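J.: So here's start36.cif, just mmCIF, C-alpha atoms:
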data_protein
#
loop_
_atom_site.group_PDB
_atom_site.id
_atom_site.type_symbol
_atom_site.label_atom_id
_atom_site.label_comp_id
_atom_site.auth_asym_id
_atom_site.auth_seq_id
_atom_site.Cartn_x
_atom_site.Cartn_y
_atom_site.Cartn_z
ATOM 1 C CA MET I 1 19.140 -23.575 4.843
ATOM 2 C CA LYS I 2 17.742 -27.011 4.219
ATOM 3 C CA LEU I 3 15.655 -29.626 5.982
ATOM 4 C CA ASN I 4 16.535 -33.264 5.325
ATOM 5 C CA LYS I 5 13.832 -35.880 4.848
ATOM 6 C CA PRO I 6 12.319 -37.487 6.798
ATOM 7 C CA TYR I 7 11.377 -34.689 9.150
ATOM 8 C CA THR I 8 8.858 -34.280 11.944
ATOM 9 C CA ASN I 9 5.857 -31.959 11.886
ATOM 10 C CA THR I 10 7.615 -29.754 14.426
ATOM 11 C CA GLU I 11 10.768 -29.560 12.300
ATOM 12 C CA TYR I 12 8.710 -28.654 9.247
ATOM 13 C CA ALA I 13 6.757 -26.017 11.192
ATOM 14 C CA ASP I 14 10.003 -24.459 12.451
ATOM 15 C CA PHE I 15 11.413 -24.516 8.916
ATOM 16 C CA ALA I 16 8.267 -22.885 7.529
ATOM 17 C CA VAL I 17 8.396 -20.148 10.194
ATOM 18 C CA TYR I 18 12.056 -19.508 9.356
ATOM 19 C CA CYS I 19 11.199 -19.176 5.658
ATOM 20 C CA ASN I 20 8.272 -16.865 6.354
ATOM 21 C CA LYS I 21 10.312 -14.580 8.611
ATOM 22 C CA ASN I 22 13.176 -14.382 6.122
ATOM 23 C CA GLY I 23 11.196 -13.890 2.916
ATOM 24 C CA LYS I 24 12.023 -17.302 1.554
ATOM 25 C CA VAL I 25 10.000 -20.051 -0.077
ATOM 26 C CA ILE I 26 10.298 -23.802 0.366
ATOM 27 C CA GLU I 27 11.492 -25.853 -2.583
ATOM 28 C CA ASP I 28 11.276 -29.644 -2.519
ATOM 29 C CA LYS I 29 14.608 -31.012 -3.786
ATOM 30 C CA GLY I 30 13.652 -34.683 -3.452
ATOM 31 C CA ASP I 31 15.765 -35.783 -0.490
ATOM 32 C CA TYR I 32 15.430 -32.469 1.327
ATOM 33 C CA LEU I 33 13.578 -29.159 1.445
ATOM 34 C CA GLU I 34 15.497 -25.978 0.787
ATOM 35 C CA ALA I 35 14.773 -22.383 1.789
ATOM 36 C CA VAL I 36 15.312 -20.215 -1.284
ATOM 37 C CA ASN I 37 14.921 -16.512 -1.916
ATOM 38 C CA LEU I 38 11.756 -15.304 -3.560
ATOM 39 C CA PRO I 39 12.366 -14.391 -7.170
ATOM 40 C CA GLU I 40 12.845 -10.666 -7.804
ATOM 41 C CA LYS I 41 9.654 -8.983 -8.956
ATOM 42 C CA SER I 42 9.684 -7.599 -12.465
ATOM 43 C CA ILE I 43 9.355 -3.875 -13.079
ATOM 44 C CA GLU I 44 5.872 -4.585 -14.458
ATOM 45 C CA GLN I 45 4.838 -6.389 -11.266
ATOM 46 C CA LYS I 46 6.200 -3.602 -9.065
ATOM 47 C CA SER I 47 4.473 -0.965 -11.209
ATOM 48 C CA SER I 48 1.190 -2.839 -11.107
ATOM 49 C CA GLU I 49 1.348 -3.234 -7.317
ATOM 50 C CA ALA I 50 2.215 0.447 -6.852
ATOM 51 C CA ARG I 51 -0.668 1.538 -9.082
ATOM 52 C CA ALA I 52 -3.038 -0.763 -7.175
ATOM 53 C CA GLU I 53 -1.914 0.847 -3.896
ATOM 54 C CA ARG I 54 -2.337 4.309 -5.439
ATOM 55 C CA ASP I 55 -5.864 3.400 -6.566
ATOM 56 C CA ARG I 56 -6.681 2.033 -3.096
ATOM 57 C CA ARG I 57 -5.584 5.314 -1.523
ATOM 58 C CA ILE I 58 -7.666 7.339 -3.989
ATOM 59 C CA ASP I 59 -10.715 5.153 -3.346
ATOM 60 C CA ALA I 60 -10.269 5.665 0.401
ATOM 61 C CA VAL I 61 -10.966 9.421 0.055
ATOM 62 C CA ARG I 62 -13.156 9.536 -3.040
ATOM 63 C CA TRP I 63 -16.301 9.242 -0.912
ATOM 64 C CA ARG I 64 -15.440 12.495 0.875
ATOM 65 C CA ILE I 65 -14.989 14.325 -2.425
ATOM 66 C CA GLU I 66 -18.305 12.993 -3.705
ATOM 67 C CA ARG I 67 -20.071 13.816 -0.417
ATOM 68 C CA TYR I 68 -18.808 17.410 -0.555
ATOM 69 C CA GLN I 69 -19.904 17.816 -4.176
ATOM 70 C CA THR I 70 -23.333 16.312 -3.465
ATOM 71 C CA GLN I 71 -23.911 18.429 -0.363
ATOM 72 C CA LEU I 72 -22.831 21.574 -2.212
ATOM 73 C CA ALA I 73 -25.045 20.806 -5.225
ATOM 74 C CA ALA I 74 -28.013 20.148 -2.937
ATOM 75 C CA GLY I 75 -27.496 23.438 -1.131
ATOM 76 C CA LEU I 76 -26.704 21.657 2.139
ATOM 77 C CA GLU I 77 -24.092 22.534 4.708
ATOM 78 C CA THR I 78 -20.958 20.598 3.808
ATOM 79 C CA THR I 79 -19.319 18.261 6.269
ATOM 80 C CA ASP I 80 -15.841 19.210 5.068
ATOM 81 C CA THR I 81 -14.751 22.799 4.650
ATOM 82 C CA ALA I 82 -13.810 24.189 1.249
ATOM 83 C CA GLU I 83 -10.167 24.051 2.384
ATOM 84 C CA GLN I 84 -10.465 20.372 3.333
ATOM 85 C CA TYR I 85 -12.105 19.625 -0.017
ATOM 86 C CA GLN I 86 -9.297 21.449 -1.822
ATOM 87 C CA ALA I 87 -6.706 19.480 0.176
ATOM 88 C CA LEU I 88 -8.381 16.228 -0.869
ATOM 89 C CA LEU I 89 -8.304 17.247 -4.539
ATOM 90 C CA ILE I 90 -4.601 18.116 -4.282
ATOM 91 C CA TYR I 91 -3.924 14.811 -2.510
ATOM 92 C CA VAL I 92 -5.701 12.800 -5.210
ATOM 93 C CA GLN I 93 -3.761 14.621 -7.919
ATOM 94 C CA ALA I 94 -0.495 13.922 -6.091
ATOM 95 C CA LEU I 95 -1.457 10.237 -5.975
ATOM 96 C CA ARG I 96 -2.183 10.279 -9.703
ATOM 97 C CA ASP I 97 1.310 11.717 -10.217
ATOM 98 C CA VAL I 98 3.044 8.912 -8.286
ATOM 99 C CA PRO I 99 3.990 6.954 -11.456
ATOM 100 C CA VAL I 100 5.979 9.934 -12.782
ATOM 101 C CA GLN I 101 8.097 10.231 -9.638
ATOM 102 C CA GLU I 102 11.800 9.647 -10.155
ATOM 103 C CA GLY I 103 12.620 6.117 -9.038
ATOM 104 C CA PHE I 104 9.111 4.719 -9.578
ATOM 105 C CA PRO I 105 8.263 1.913 -8.862
ATOM 106 C CA ASP I 106 11.261 1.008 -6.699
ATOM 107 C CA THR I 107 11.174 4.185 -4.653
ATOM 108 C CA ILE I 108 7.860 5.891 -3.958
ATOM 109 C CA GLU I 109 7.210 8.907 -1.781
ATOM 110 C CA TRP I 110 3.533 8.550 -0.923
ATOM 111 C CA PRO I 111 1.744 11.880 -0.514
ATOM 112 C CA GLU I 112 -0.412 12.594 2.509
ATOM 113 C CA VAL I 113 -3.566 14.640 2.867
ATOM 114 C CA GLU I 114 -2.594 18.048 4.187
ATOM 115 C CA GLU I 115 -5.855 18.993 5.833
ATOM 116 C CA LYS I 116 -6.062 22.354 7.484
ATOM 117 C CA LYS I 117 -7.458 22.115 10.970
ATOM 118 C CA GLU I 118 -9.714 24.854 12.232
ATOM 119 C CA ASN I 119 -8.126 26.987 14.905
ATOM 120 C CA THR I 120 -10.195 26.252 18.010
ATOM 121 C CA GLU I 121 -7.899 27.956 20.513
ATOM 122 C CA ASN I 122 -9.659 31.319 20.120
ATOM 123 C CA ALA I 123 -13.165 29.887 19.895
#
Can I see the file as structure tokens?
T.:
Amino acid sequence: MKLNKPYTNTEYADFAVYCNKNGKVIEDKGDYLEAVNLPEKSIEQKSSEARAERDRRIDAVRWRIERYQTQLAAGLETTDTAEQYQALLIYVQALRDVPVQEGFPDTIEWPEVEEKKENTENA
């Protein structure tokens, strides 16, 4: 798709929205603007982005692991149960293993925390 010059602000805005919705960028070709596909990301870029997401997910639960360890070391009642703590450790390890998954970084199966809920039906 292209937009010939001169164009109005409304035409440009519509063109920009089209590009944004379709994953395209605008290239100025002199007499016109053209909507072109974004260049394919390199394997290094994809790997780096996947590792950054993995690190973000680890950081999102690290505080709970540290809180449990601190409470336990201080002899306090822990907020999480031992089972929840164990589930967090397993989750973090599964996240660390993401780069060795088959298909990484193009195909990633993100692990989830498998927390055991206390059975409150018989309480």
J.: In terms of the shortest atom-to-atom distance over only C-alpha atoms, which of I:Ala82, I:Ile26, I:Cys19, I:Val113 is closest to Ala94 of chain I?
T.: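 Checking each of I:Ala82, I:Ile26, I:Cys19, I:Val113 against Ala94 of chain I, counting only C-alpha atoms, the winner is I:Val113.
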J.: Give as a PyMOL selection string the residues that the PyMOL selection byres ((chain I and resi 20-24) around 8) matches when applied to the coordinates above.
T.: chain I and resi 16-19+25-26+35-38
J.: If we count all atoms listed in the file and set the cut-off at 12 Å, which residues sit around Glu115 of chain I, ignoring sequence neighbours fewer than 3 positions away in its own chain? Please answer as a count of residues only.
T.: 14
J.: Could you list the residues chosen by the PyMOL selection byres ((chain I and resi 97) around 12) in this structure as a list in words?
T.: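 On this input, the PyMOL selection byres ((chain I and resi 97) around 12) captures Ala50, Arg51, Arg54, Asp55, Ile58, Ile90, Tyr91, Val92, Gln93, Ala94, Leu95, Arg96, Val98, Pro99, Val100, Gln101, Glu102, Phe104, Ile108, Glu109, Trp110 and Pro111 of chain I.
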J.: From the options I:Glu77, I:Ile65, I:Asp106, I:Glu114, which residue's atoms come nearest to Gln45 of chain I, counting only C-alpha atoms?
T.: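 Between I:Glu77, I:Ile65, I:Asp106, I:Glu114, the residue approaching Gln45 of chain I most closely is I:Asp106.
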J.: Using only C-alpha atoms, pick whichever of I:Ser47, I:Pro6, I:Ala13, I:Glu34 has the shortest atom-to-atom distance to Gly103 of chain I.
T.: I:Ser47
J.: Report, in Å to a single decimal, how far apart atom CA of Phe15 of chain I and atom CA of Lys2 of chain I are.
T.: 8.3 Å
J.: I:Leu33, I:Ser42, I:Thr107, I:Arg56: which is nearest Lys5 of chain I, counting only C-alpha atoms?
T.: I:Leu33
J.: Please compute the atom CA of Tyr32 of chain I-atom CA of Tyr12 of chain I distance, one decimal, in Å.
T.: 11.1 Å
J.: So the first atom is atom CA of Asp31 of chain I and the second is atom CA of Asn4 of chain I; what is the distance between them in Å, to one decimal place?
T.: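 Between these atoms lies a distance of 6.4 Å.
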